[in-house]
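S.K.: What follows is the file model23.json, containing JSON, N, CA and C atoms:
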```json
[["chain", "number", "residue", "atom", "x", "y", "z"],
["A", 1, "MET", "N", 9.92, -1.87, -1.37],
["A", 1, "MET", "CA", 9.18, -0.70, -1.73],
["A", 1, "MET", "C", 8.82, 0.10, -0.48],
["A", 2, "VAL", "N", 8.80, 1.38, -0.65],
["A", 2, "VAL", "CA", 8.48, 2.26, 0.47],
["A", 2, "VAL", "C", 7.12, 1.93, 1.05],
["A", 3, "PHE", "N", 6.18, 1.60, 0.19],
["A", 3, "PHE", "CA", 4.82, 1.27, 0.60],
["A", 3, "PHE", "C", 4.81, 0.15, 1.64],
["A", 4, "GLN", "N", 5.76, -0.75, 1.55],
["A", 4, "GLN", "CA", 5.80, -1.90, 2.45],
["A", 4, "GLN", "C", 6.66, -1.65, 3.68],
["A", 5, "ARG", "N", 7.45, -0.60, 3.71],
["A", 5, "ARG", "CA", 8.33, -0.33, 4.86],
["A", 5, "ARG", "C", 7.61, 0.51, 5.89],
["A", 6, "THR", "N", 6.80, -0.13, 6.71],
["A", 6, "THR", "CA", 6.01, 0.60, 7.69],
["A", 6, "THR", "C", 6.66, 0.62, 9.06],
["A", 7, "ASP", "N", 7.85, 0.05, 9.22],
["A", 7, "ASP", "CA", 8.53, 0.09, 10.51],
["A", 7, "ASP", "C", 8.79, 1.53, 10.93],
["A", 8, "GLN", "N", 8.89, 2.44, 9.97],
["A", 8, "GLN", "CA", 9.14, 3.84, 10.26],
["A", 8, "GLN", "C", 7.89, 4.52, 10.82],
["A", 9, "ARG", "N", 6.72, 3.89, 10.63],
["A", 9, "ARG", "CA", 5.46, 4.47, 11.06],
["A", 9, "ARG", "C", 4.73, 3.47, 11.95],
["A", 10, "PRO", "N", 4.86, 3.60, 13.27],
["A", 10, "PRO", "CA", 4.21, 2.63, 14.16],
["A", 10, "PRO", "C", 2.71, 2.49, 13.92],
["A", 11, "GLU", "N", 2.05, 3.56, 13.49],
["A", 11, "GLU", "CA", 0.61, 3.47, 13.25],
["A", 11, "GLU", "C", 0.31, 2.69, 11.98],
["A", 12, "GLY", "N", 1.34, 2.27, 11.26],
["A", 12, "GLY", "CA", 1.16, 1.52, 10.02],
["A", 12, "GLY", "C", 1.21, 0.00, 10.19],
["A", 13, "VAL", "N", 1.03, -0.49, 11.40],
["A", 13, "VAL", "CA", 1.13, -1.93, 11.66],
["A", 13, "VAL", "C", 0.14, -2.72, 10.82],
["A", 14, "LEU", "N", -1.09, -2.26, 10.75],
["A", 14, "LEU", "CA", -2.09, -2.97, 9.94],
["A", 14, "LEU", "C", -1.68, -2.97, 8.47],
["A", 15, "MET", "N", -1.22, -1.83, 7.97],
["A", 15, "MET", "CA", -0.82, -1.75, 6.56],
["A", 15, "MET", "C", 0.37, -2.67, 6.30],
["A", 16, "LYS", "N", 1.28, -2.78, 7.26],
["A", 16, "LYS", "CA", 2.42, -3.67, 7.08],
["A", 16, "LYS", "C", 1.93, -5.11, 6.88],
["A", 17, "THR", "N", 0.95, -5.52, 7.65],
["A", 17, "THR", "CA", 0.39, -6.87, 7.51],
["A", 17, "THR", "C", -0.22, -7.06, 6.13],
["A", 18, "VAL", "N", -0.95, -6.06, 5.66],
["A", 18, "VAL", "CA", -1.61, -6.14, 4.36],
["A", 18, "VAL", "C", -0.58, -6.07, 3.23],
["A", 19, "ALA", "N", 0.34, -5.13, 3.33],
["A", 19, "ALA", "CA", 1.26, -4.84, 2.22],
["A", 19, "ALA", "C", 2.44, -5.79, 2.14],
["A", 20, "HIS", "N", 2.73, -6.49, 3.21],
["A", 20, "HIS", "CA", 3.93, -7.32, 3.26],
["A", 20, "HIS", "C", 4.03, -8.31, 2.11],
["A", 21, "ASP", "N", 2.94, -8.95, 1.78],
["A", 21, "ASP", "CA", 2.97, -10.00, 0.76],
["A", 21, "ASP", "C", 2.62, -9.51, -0.65],
["A", 22, "LEU", "N", 2.37, -8.21, -0.79],
["A", 22, "LEU", "CA", 2.03, -7.71, -2.12],
["A", 22, "LEU", "C", 3.24, -7.74, -3.04],
["A", 23, "LYS", "N", 3.01, -8.15, -4.24],
["A", 23, "LYS", "CA", 4.04, -8.12, -5.28],
["A", 23, "LYS", "C", 3.97, -6.76, -5.97],
["A", 24, "ALA", "N", 5.00, -6.39, -6.71],
["A", 24, "ALA", "CA", 5.03, -5.10, -7.40],
["A", 24, "ALA", "C", 3.81, -4.93, -8.30],
["A", 25, "GLU", "N", 3.39, -6.00, -8.96],
["A", 25, "GLU", "CA", 2.22, -5.92, -9.84],
["A", 25, "GLU", "C", 0.95, -5.60, -9.04],
["A", 26, "ASN", "N", 0.81, -6.20, -7.85],
["A", 26, "ASN", "CA", -0.34, -5.92, -7.01],
["A", 26, "ASN", "C", -0.36, -4.46, -6.56],
["A", 27, "ILE", "N", 0.80, -3.95, -6.20],
["A", 27, "ILE", "CA", 0.90, -2.56, -5.77],
["A", 27, "ILE", "C", 0.54, -1.63, -6.92],
["A", 28, "ALA", "N", 0.99, -1.95, -8.11],
["A", 28, "ALA", "CA", 0.64, -1.14, -9.29],
["A", 28, "ALA", "C", -0.86, -1.19, -9.54],
["A", 29, "ASP", "N", -1.48, -2.35, -9.35],
["A", 29, "ASP", "CA", -2.92, -2.48, -9.53],
["A", 29, "ASP", "C", -3.69, -1.64, -8.52],
["A", 30, "VAL", "N", -3.27, -1.69, -7.26],
["A", 30, "VAL", "CA", -3.92, -0.89, -6.22],
["A", 30, "VAL", "C", -3.76, 0.60, -6.54],
["A", 31, "SER", "N", -2.59, 0.99, -6.94],
["A", 31, "SER", "CA", -2.33, 2.38, -7.29],
["A", 31, "SER", "C", -3.22, 2.84, -8.44],
["A", 32, "ALA", "N", -3.34, 2.03, -9.46],
["A", 32, "ALA", "CA", -4.18, 2.37, -10.62],
["A", 32, "ALA", "C", -5.64, 2.51, -10.19],
["A", 33, "TYR", "N", -6.09, 1.63, -9.32],
["A", 33, "TYR", "CA", -7.46, 1.69, -8.83],
["A", 33, "TYR", "C", -7.70, 2.98, -8.05],
["A", 34, "LEU", "N", -6.79, 3.30, -7.15],
["A", 34, "LEU", "CA", -6.95, 4.51, -6.34],
["A", 34, "LEU", "C", -6.94, 5.78, -7.18],
["A", 35, "GLN", "N", -6.21, 5.76, -8.27],
["A", 35, "GLN", "CA", -6.15, 6.94, -9.13],
["A", 35, "GLN", "C", -7.47, 7.23, -9.84],
["A", 36, "VAL", "N", -8.30, 6.23, -10.04],
["A", 36, "VAL", "CA", -9.56, 6.46, -10.74],
["A", 36, "VAL", "C", -10.73, 6.74, -9.80],
["A", 37, "LEU", "N", -10.51, 6.65, -8.50],
["A", 37, "LEU", "CA", -11.57, 6.97, -7.56],
["A", 37, "LEU", "C", -11.81, 8.48, -7.58],
["A", 38, "PRO", "N", -13.06, 8.89, -7.39],
["A", 38, "PRO", "CA", -13.34, 10.33, -7.34],
["A", 38, "PRO", "C", -12.70, 10.97, -6.10],
["A", 39, "SER", "N", -12.33, 12.20, -6.23],
["A", 39, "SER", "CA", -11.76, 12.94, -5.09],
["A", 39, "SER", "C", -12.84, 13.17, -4.04],
["A", 40, "PRO", "N", -12.46, 13.15, -2.77],
["A", 40, "PRO", "CA", -13.46, 13.38, -1.71],
["A", 40, "PRO", "C", -13.97, 14.80, -1.71]]
```
Re-express the file's structure as structure tokens.
M.R.:
Amino acid sequence: MVFQRTDQRPEGVLMKTVAHDLKAENIADVSAYLQVLPSP
């Protein structure tokens, strides 16, 4: 998944560590959660 391919973005090293082990279901859950947060 693109979300996990952070080699293209050196500043994404922390996200690569977090996202590396996420399964597709986990990514969908995170996405659903972020969609319900209020806009800044």
S.K.: Take CA of Ser39 in chain A and CA of Glu25 in chain A and report the distance between them in Å, one decimal.
M.R.: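 According to the coordinates, CA of Ser39 in chain A and CA of Glu25 in chain A are separated by 24.0 Å.
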S.K.: Take CA of Ser31 in chain A and CA of Thr17 in chain A and report the distance between them in Å, one decimal.
M.R.: 17.7 Å
S.K.: Hey, can you check how far CA of Ala24 in chain A sits from CA of Pro40 in chain A?
M.R.: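 Calculated distance between CA of Ala24 in chain A and CA of Pro40 in chain A is 26.8 Å.
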